[in-house]
>>> print(open('structure.pdb').read())   # PDB, C-alpha atoms and all ligand atoms
ATOM      1  CA  MET A   1      18.350   2.793 -24.992
ATOM      2  CA  PRO A   2      16.008   3.839 -22.185
ATOM      3  CA  ASN A   3      13.084   1.489 -21.737
ATOM      4  CA  ALA A   4      10.040   3.797 -21.676
ATOM      5  CA  GLN A   5       7.301   1.275 -20.998
ATOM      6  CA  PRO A   6       7.202   0.286 -17.306
ATOM      7  CA  ASN A   7       6.845  -3.373 -16.386
ATOM      8  CA  LEU A   8       3.734  -4.688 -14.721
ATOM      9  CA  LEU A   9       4.940  -6.164 -11.432
ATOM     10  CA  ASP A  10       3.535  -9.279  -9.732
ATOM     11  CA  LEU A  11       1.563  -8.507  -6.598
ATOM     12  CA  VAL A  12       2.646 -10.284  -3.432
ATOM     13  CA  LEU A  13      -0.384 -11.899  -1.778
ATOM     14  CA  TYR A  14      -1.071 -12.727   1.854
ATOM     15  CA  PRO A  15       0.216 -14.917   3.569
ATOM     16  CA  ASP A  16       3.601 -14.322   1.841
ATOM     17  CA  PRO A  17       6.150 -13.718   4.667
ATOM     18  CA  GLY A  18       7.595 -10.765   2.698
ATOM     19  CA  LEU A  19       4.526  -8.785   3.760
ATOM     20  CA  ARG A  20       5.616  -9.154   7.397
ATOM     21  CA  GLU A  21       9.109  -7.683   7.063
ATOM     22  CA  VAL A  22      10.240  -4.238   8.177
ATOM     23  CA  CYS A  23      11.547  -2.542   5.016
ATOM     24  CA  LYS A  24      14.885  -0.788   4.709
ATOM     25  CA  PRO A  25      15.162   2.990   4.213
ATOM     26  CA  VAL A  26      16.326   4.225   0.806
ATOM     27  CA  SER A  27      19.641   6.006   1.316
ATOM     28  CA  ALA A  28      19.450   8.250  -1.759
ATOM     29  CA  MET A  29      17.366   8.704  -4.864
ATOM     30  CA  ASN A  30      18.751   6.783  -7.858
ATOM     31  CA  ASP A  31      17.646   5.334 -11.215
ATOM     32  CA  GLN A  32      16.667   2.003  -9.666
ATOM     33  CA  VAL A  33      14.254   3.699  -7.218
ATOM     34  CA  ASP A  34      12.930   6.005  -9.966
ATOM     35  CA  ARG A  35      12.233   2.987 -12.160
ATOM     36  CA  LEU A  36      10.596   1.157  -9.243
ATOM     37  CA  ILE A  37       8.251   4.126  -8.676
ATOM     38  CA  ASP A  38       7.201   4.099 -12.365
ATOM     39  CA  GLU A  39       6.522   0.374 -12.194
ATOM     40  CA  MET A  40       4.630   0.685  -8.918
ATOM     41  CA  PHE A  41       2.321   3.397 -10.340
ATOM     42  CA  TYR A  42       1.782   1.330 -13.476
ATOM     43  CA  THR A  43       0.942  -1.774 -11.429
ATOM     44  CA  MET A  44      -1.300   0.165  -9.006
ATOM     45  CA  TYR A  45      -3.377   1.834 -11.766
ATOM     46  CA  ASP A  46      -3.655  -1.468 -13.605
ATOM     47  CA  ALA A  47      -4.939  -3.405 -10.559
ATOM     48  CA  PRO A  48      -6.775  -0.962 -10.061
ATOM     49  CA  GLY A  49      -5.844   0.391  -6.660
ATOM     50  CA  ILE A  50      -5.347   3.713  -4.884
ATOM     51  CA  GLY A  51      -2.119   2.859  -3.083
ATOM     52  CA  LEU A  52       0.792   0.453  -3.224
ATOM     53  CA  ALA A  53       3.828  -0.187  -1.039
ATOM     54  CA  ALA A  54       7.121  -1.649  -2.312
ATOM     55  CA  PRO A  55       6.888  -4.909  -0.277
ATOM     56  CA  GLN A  56       3.651  -5.641  -2.198
ATOM     57  CA  VAL A  57       5.826  -6.001  -5.302
ATOM     58  CA  ALA A  58       8.552  -7.924  -3.430
ATOM     59  CA  VAL A  59      10.900  -4.978  -2.874
ATOM     60  CA  GLN A  60      11.773  -4.533   0.808
ATOM     61  CA  GLN A  61      12.397  -0.795   0.617
ATOM     62  CA  ARG A  62      10.541   2.140   2.164
ATOM     63  CA  VAL A  63       8.717   3.399  -0.949
ATOM     64  CA  ILE A  64       4.965   4.035  -1.358
ATOM     65  CA  VAL A  65       2.790   5.369  -4.170
ATOM     66  CA  VAL A  66      -0.773   6.658  -3.831
ATOM     67  CA  ASP A  67      -3.413   8.345  -5.959
ATOM     68  CA  VAL A  68      -6.872   8.791  -4.448
ATOM     69  CA  SER A  69      -8.118  11.222  -7.140
ATOM     70  CA  GLU A  70     -11.160  10.439  -9.314
ATOM     71  CA  GLY A  71      -9.240  11.229 -12.494
ATOM     72  CA  LYS A  72      -6.169   9.179 -11.497
ATOM     73  CA  ASP A  73      -4.081  12.258 -12.191
ATOM     74  CA  GLN A  74      -2.619  13.074  -8.769
ATOM     75  CA  PRO A  75       0.183  10.561  -8.295
ATOM     76  CA  LEU A  76       2.116  10.888  -5.059
ATOM     77  CA  ALA A  77       5.299   8.913  -4.430
ATOM     78  CA  LEU A  78       6.981   9.036  -1.038
ATOM     79  CA  ILE A  79      10.325   7.584  -0.049
ATOM     80  CA  ASN A  80      11.070   6.881   3.630
ATOM     81  CA  PRO A  81       7.690   8.360   4.655
ATOM     82  CA  LYS A  82       7.156   9.113   8.330
ATOM     83  CA  ILE A  83       4.080  10.429  10.150
ATOM     84  CA  ILE A  84       5.174  13.312  12.360
ATOM     85  CA  GLN A  85       1.769  14.585  13.525
ATOM     86  CA  GLN A  86      -1.685  13.062  13.687
ATOM     87  CA  ALA A  87      -5.115  14.125  14.921
ATOM     88  CA  GLY A  88      -8.789  13.199  14.850
ATOM     89  CA  SER A  89     -10.342   9.909  13.923
ATOM     90  CA  ILE A  90     -11.952   8.425  10.832
ATOM     91  CA  THR A  91     -13.472   5.036  10.054
ATOM     92  CA  TRP A  92     -13.093   3.849   6.493
ATOM     93  CA  GLU A  93     -13.830   0.547   4.784
ATOM     94  CA  GLU A  94     -10.367  -0.555   3.661
ATOM     95  CA  GLY A  95      -9.206  -3.182   1.242
ATOM     96  CA  CYS A  96      -5.751  -4.257   0.087
ATOM     97  CA  LEU A  97      -4.272  -5.505  -3.198
ATOM     98  CA  SER A  98      -2.412  -8.158  -1.165
ATOM     99  CA  LEU A  99      -5.684  -9.430   0.355
ATOM    100  CA  PRO A 100      -8.012  -9.273  -2.651
ATOM    101  CA  GLY A 101     -11.728  -9.603  -1.990
ATOM    102  CA  ILE A 102     -11.900  -8.687   1.680
ATOM    103  CA  TYR A 103     -12.836  -5.323   3.166
ATOM    104  CA  ALA A 104     -13.132  -4.115   6.733
ATOM    105  CA  LYS A 105     -13.905  -0.904   8.592
ATOM    106  CA  ILE A 106     -10.732   0.443  10.176
ATOM    107  CA  THR A 107     -10.426   3.477  12.459
ATOM    108  CA  ARG A 108      -7.333   5.669  12.098
ATOM    109  CA  PRO A 109      -6.296   9.310  12.678
ATOM    110  CA  ASN A 110      -8.086  11.596  10.203
ATOM    111  CA  HIS A 111      -5.405  14.249   9.770
ATOM    112  CA  ILE A 112      -1.713  13.554   9.381
ATOM    113  CA  LEU A 113       1.455  15.419   8.625
ATOM    114  CA  VAL A 114       3.877  13.198   6.715
ATOM    115  CA  GLU A 115       7.532  13.787   6.021
ATOM    116  CA  GLY A 116       9.492  12.016   3.320
ATOM    117  CA  MET A 117      11.521  12.319   0.155
ATOM    118  CA  ASN A 118       9.855  12.901  -3.216
ATOM    119  CA  ARG A 119      11.133  11.280  -6.404
ATOM    120  CA  GLU A 120      13.300  14.304  -7.127
ATOM    121  CA  GLY A 121      15.187  13.451  -3.928
ATOM    122  CA  LYS A 122      13.866  16.472  -2.063
ATOM    123  CA  GLN A 123      12.679  16.269   1.556
ATOM    124  CA  ILE A 124       9.007  17.306   1.688
ATOM    125  CA  GLN A 125       6.086  17.483   4.120
ATOM    126  CA  ILE A 126       2.499  16.712   3.176
ATOM    127  CA  GLU A 127      -0.683  17.401   5.097
ATOM    128  CA  ALA A 128      -3.391  14.851   4.405
ATOM    129  CA  SER A 129      -6.957  14.252   5.553
ATOM    130  CA  ASP A 130      -9.749  11.745   4.967
ATOM    131  CA  LEU A 131      -9.137   9.117   2.261
ATOM    132  CA  LEU A 132      -5.646  10.398   1.428
ATOM    133  CA  ALA A 133      -4.660  10.192   5.112
ATOM    134  CA  VAL A 134      -6.160   6.691   5.379
ATOM    135  CA  CYS A 135      -4.345   5.534   2.261
ATOM    136  CA  ILE A 136      -0.939   6.939   3.278
ATOM    137  CA  GLN A 137      -1.227   5.324   6.728
ATOM    138  CA  HIS A 138      -2.259   1.984   5.178
ATOM    139  CA  GLU A 139       0.784   2.067   2.867
ATOM    140  CA  ILE A 140       3.229   3.137   5.608
ATOM    141  CA  ASP A 141       1.922   0.213   7.692
ATOM    142  CA  HIS A 142       3.059  -2.119   4.871
ATOM    143  CA  LEU A 143       6.633  -0.791   5.239
ATOM    144  CA  ASN A 144       6.514  -2.004   8.846
ATOM    145  CA  GLY A 145       5.053  -5.417   8.038
ATOM    146  CA  VAL A 146       1.588  -4.374   9.226
ATOM    147  CA  LEU A 147      -1.616  -5.239   7.326
ATOM    148  CA  PHE A 148      -4.986  -3.497   7.652
ATOM    149  CA  VAL A 149      -6.552  -6.573   9.245
ATOM    150  CA  ASP A 150      -4.054  -6.204  12.124
ATOM    151  CA  HIS A 151      -6.098  -3.185  13.255
ATOM    152  CA  LEU A 152      -9.173  -5.395  13.785
ATOM    153  CA  SER A 153     -10.145  -7.220  16.970
ATOM    154  CA  ASN A 154      -8.969 -10.854  17.092
ATOM    155  CA  LEU A 155     -12.466 -12.107  16.308
ATOM    156  CA  LYS A 156     -13.014  -9.787  13.338
ATOM    157  CA  ARG A 157      -9.524 -10.496  12.005
ATOM    158  CA  SER A 158      -9.942 -14.267  12.103
ATOM    159  CA  ARG A 159     -13.338 -13.924  10.374
ATOM    160  CA  ALA A 160     -11.831 -11.724   7.657
ATOM    161  CA  LEU A 161      -8.883 -14.085   7.096
ATOM    162  CA  GLN A 162     -11.223 -17.091   7.025
ATOM    163  CA  GLN A 163     -13.230 -15.324   4.314
ATOM    164  CA  TYR A 164      -9.990 -14.567   2.446
ATOM    165  CA  ARG A 165      -8.845 -18.220   2.539
ATOM    166  CA  LYS A 166     -12.252 -19.269   1.238
ATOM    167  CA  LEU A 167     -11.974 -16.834  -1.679
ATOM    168  CA  GLN A 168      -8.420 -17.993  -2.441
ATOM    169  CA  LEU A 169      -9.551 -21.649  -2.492
ATOM    170  CA  GLN A 170     -12.446 -20.825  -4.810
ATOM    171  CA  GLU A 171     -10.042 -19.079  -7.150
ATOM    172  CA  GLU A 172      -7.649 -22.038  -7.121
ATOM    173  CA  ASN A 173     -10.518 -24.401  -7.931
ATOM    174  CA  GLU A 174     -11.706 -22.206 -10.791
ATOM    175  CA  GLU A 175      -8.217 -22.245 -12.277
ATOM    176  CA  LYS A 176      -8.201 -26.063 -12.377
TER     177      LYS A 176
HETATM  178 ZN    ZN B 201      -2.459  -2.795   1.375
END
>>> encode(input="structure.pdb", output="structure tokens")
Amino acid sequence: MPNAQPNLLDLVLYPDPGLREVCKPVSAMNDQVDRLIDEMFYTMYDAPGIGLAAPQVAVQQRVIVVDVSEGKDQPLALINPKIIQQAGSITWEEGCLSLPGIYAKITRPNHILVEGMNREGKQIQIEASDLLAVCIQHEIDHLNGVLFVDHLSNLKRSRALQQYRKLQLQEENEEK
């Protein structure tokens, strides 16, 4: 019996060391990866978020899902994604499901060409700009153990993480 309803996965939160690992490439498309992609989309839309990387759901594999559309109807899953060209510059206020509650302006290339495998197991290339480019780069960073706050200056990063710890403590206190 196939199980149609995907599971909602637990989000891995900073400072979990799993967020600092370099993830392994997926050697070939299979049912386990297909199922993971369904569950990642389900978890991302539920959060809600516009992107999610496998290590954020405790799977150390090179898989990302994104959907930056208004209607949440343009899901994009990429396996073993790699940026092969980049140009321009854009500053966007980023957030992260693994660092809930904090946001920071990050500057990244504005146009990228990404190569990877789609969920049908086919090698594809995607050109992306603006928010989609930002989101794909943010998610690929996760596969390399990099978080958006790592792009900040030391001072701004320690302020952001201080703010995050404060929010986490407040949440813990509210739960008591
Ligand atoms: Zn993130």
>>> atom_distance(input="structure.pdb", atom1="atom CA of A:Gln85", atom2="atom CA of A:Val114")
7.3 Å
>>> residues_near_ligand(input="structure.pdb", ligand="ligand ZN 201 (chain B)", cutoff="7 Å", atoms="only C-alpha atoms and all ligand atoms", output="ChimeraX atom specification")
/A:52,95-98,138-139,142,147-148
>>> write_last_selection(input="structure.pdb", atoms="C-alpha atoms", output="PDB file, in the coordinates of the input")
ATOM      1  CA  LEU A  52       0.792   0.453  -3.224  1.00  0.00           C
ATOM      2  CA  GLY A  95      -9.206  -3.182   1.242  1.00  0.00           C
ATOM      3  CA  CYS A  96      -5.751  -4.257   0.087  1.00  0.00           C
ATOM      4  CA  LEU A  97      -4.272  -5.505  -3.198  1.00  0.00           C
ATOM      5  CA  SER A  98      -2.412  -8.158  -1.165  1.00  0.00           C
ATOM      6  CA  HIS A 138      -2.259   1.984   5.178  1.00  0.00           C
ATOM      7  CA  GLU A 139       0.784   2.067   2.867  1.00  0.00           C
ATOM      8  CA  HIS A 142       3.059  -2.119   4.871  1.00  0.00           C
ATOM      9  CA  LEU A 147      -1.616  -5.239   7.326  1.00  0.00           C
ATOM     10  CA  PHE A 148      -4.986  -3.497   7.652  1.00  0.00           C
TER      11      PHE A 148
END
>>> atom_distance(input="structure.pdb", atom1="atom CA of A:Gln123", atom2="atom CA of A:Leu8")
28.0 Å
>>> atom_distance(input="structure.pdb", atom1="atom CA of A:Gln163", atom2="atom CA of A:Val12")
18.4 Å
>>> resolve_selection(input="structure.pdb", expression="the PyMOL selection byres (((chain A and resi 160) around 12) and not hetatm)", output="PyMOL selection string")
chain A and resi 94-95+99-105+148-159+161-167
>>> write_last_selection(input="structure.pdb", atoms="C-alpha atoms", output="CSV table (one decimal), in the coordinates of the input")
chain,number,residue,atom,x,y,z
A,94,GLU,CA,-10.4,-0.6,3.7
A,95,GLY,CA,-9.2,-3.2,1.2
A,99,LEU,CA,-5.7,-9.4,0.4
A,100,PRO,CA,-8.0,-9.3,-2.7
A,101,GLY,CA,-11.7,-9.6,-2.0
A,102,ILE,CA,-11.9,-8.7,1.7
A,103,TYR,CA,-12.8,-5.3,3.2
A,104,ALA,CA,-13.1,-4.1,6.7
A,105,LYS,CA,-13.9,-0.9,8.6
A,148,PHE,CA,-5.0,-3.5,7.7
A,149,VAL,CA,-6.6,-6.6,9.2
A,150,ASP,CA,-4.1,-6.2,12.1
A,151,HIS,CA,-6.1,-3.2,13.3
A,152,LEU,CA,-9.2,-5.4,13.8
A,153,SER,CA,-10.1,-7.2,17.0
A,154,ASN,CA,-9.0,-10.9,17.1
A,155,LEU,CA,-12.5,-12.1,16.3
A,156,LYS,CA,-13.0,-9.8,13.3
A,157,ARG,CA,-9.5,-10.5,12.0
A,158,SER,CA,-9.9,-14.3,12.1
A,159,ARG,CA,-13.3,-13.9,10.4
A,161,LEU,CA,-8.9,-14.1,7.1
A,162,GLN,CA,-11.2,-17.1,7.0
A,163,GLN,CA,-13.2,-15.3,4.3
A,164,TYR,CA,-10.0,-14.6,2.4
A,165,ARG,CA,-8.8,-18.2,2.5
A,166,LYS,CA,-12.3,-19.3,1.2
A,167,LEU,CA,-12.0,-16.8,-1.7
>>> residues_around(input="structure.pdb", residues="stretch 57-59 of chain A", least_positions_apart="3", cutoff="10 Å", atoms="all atoms listed in the file", output="ChimeraX atom specification")
/A:8-13,16,18-19,23-24,36,39-40,43,52-54,62-63,98
>>> closest_residue(input="structure.pdb", among="A:Lys72, A:Arg119, A:Arg108, A:Arg35", to="A:Asn7", atoms="all atoms listed in the file")
A:Arg35
>>> closest_residue(input="structure.pdb", among="A:Gln5, A:Asn118, A:Gln125, A:Asn30", to="A:Ile64", atoms="all atoms listed in the file")
A:Asn118
>>> residues_near_point(input="structure.pdb", point="(-12.5, 10.0, 8.9)", cutoff="6 Å", atoms="only C-alpha atoms", output="PyMOL selection string")
chain A and resi 89-91+110+130
>>> write_last_selection(input="structure.pdb", atoms="C-alpha atoms", output="mmCIF file, in the frame of the given file")
data_model
loop_
_atom_site.group_PDB
_atom_site.id
_atom_site.type_symbol
_atom_site.label_atom_id
_atom_site.label_comp_id
_atom_site.auth_asym_id
_atom_site.auth_seq_id
_atom_site.Cartn_x
_atom_site.Cartn_y
_atom_site.Cartn_z
ATOM 1 C CA SER A 89 -10.342 9.909 13.923
ATOM 2 C CA ILE A 90 -11.952 8.425 10.832
ATOM 3 C CA THR A 91 -13.472 5.036 10.054
ATOM 4 C CA ASN A 110 -8.086 11.596 10.203
ATOM 5 C CA ASP A 130 -9.749 11.745 4.967
#
>>> closest_residue(input="structure.pdb", among="A:Pro6, A:Asn80, A:Thr107, A:Glu174", to="A:Ala133", atoms="all atoms listed in the file")
A:Thr107
>>> closest_residue(input="structure.pdb", among="A:Glu127, A:Asp31, A:Glu21, A:Asp141", to="A:Ala87", atoms="all atoms listed in the file")
A:Glu127
>>> build_atoms(input="structure.pdb", residues="stretch 12-28 of chain A", atoms="N, CA and C atoms", output="CSV table (one decimal), in the frame of the given file")
chain,number,residue,atom,x,y,z
A,12,VAL,N,2.4,-9.3,-4.5
A,12,VAL,CA,2.6,-10.3,-3.4
A,12,VAL,C,1.3,-10.4,-2.6
A,13,LEU,N,0.9,-11.7,-2.5
A,13,LEU,CA,-0.4,-11.9,-1.8
A,13,LEU,C,-0.2,-12.5,-0.4
A,14,TYR,N,-1.0,-12.1,0.5
A,14,TYR,CA,-1.1,-12.7,1.9
A,14,TYR,C,-1.3,-14.2,1.7
A,15,PRO,N,-0.6,-15.1,2.4
A,15,PRO,CA,0.2,-14.9,3.6
A,15,PRO,C,1.7,-14.9,3.3
A,16,ASP,N,2.2,-14.4,2.2
A,16,ASP,CA,3.6,-14.3,1.8
A,16,ASP,C,4.4,-13.6,3.0
A,17,PRO,N,5.4,-14.3,3.5
A,17,PRO,CA,6.2,-13.7,4.7
A,17,PRO,C,6.8,-12.4,4.4
A,18,GLY,N,7.0,-12.1,3.1
A,18,GLY,CA,7.6,-10.8,2.7
A,18,GLY,C,6.7,-9.6,3.1
A,19,LEU,N,5.4,-9.9,3.3
A,19,LEU,CA,4.5,-8.8,3.8
A,19,LEU,C,4.7,-8.5,5.2
A,20,ARG,N,5.5,-9.3,5.9
A,20,ARG,CA,5.6,-9.2,7.4
A,20,ARG,C,7.0,-8.6,7.8
A,21,GLU,N,7.8,-8.2,6.8
A,21,GLU,CA,9.1,-7.7,7.1
A,21,GLU,C,9.1,-6.2,7.3
A,22,VAL,N,10.0,-5.7,8.1
A,22,VAL,CA,10.2,-4.2,8.2
A,22,VAL,C,11.2,-3.8,7.1
A,23,CYS,N,10.8,-2.9,6.2
A,23,CYS,CA,11.5,-2.5,5.0
A,23,CYS,C,12.7,-1.6,5.4
A,24,LYS,N,13.7,-1.6,4.5
A,24,LYS,CA,14.9,-0.8,4.7
A,24,LYS,C,14.7,0.6,4.1
A,25,PRO,N,15.2,1.6,4.8
A,25,PRO,CA,15.2,3.0,4.2
A,25,PRO,C,16.0,3.1,2.9
A,26,VAL,N,15.6,4.0,2.0
A,26,VAL,CA,16.3,4.2,0.8
A,26,VAL,C,17.3,5.3,1.2
A,27,SER,N,18.6,5.1,0.9
A,27,SER,CA,19.6,6.0,1.3
A,27,SER,C,19.7,7.3,0.4
A,28,ALA,N,19.5,7.1,-0.9
A,28,ALA,CA,19.4,8.2,-1.8
A,28,ALA,C,18.7,7.9,-3.0
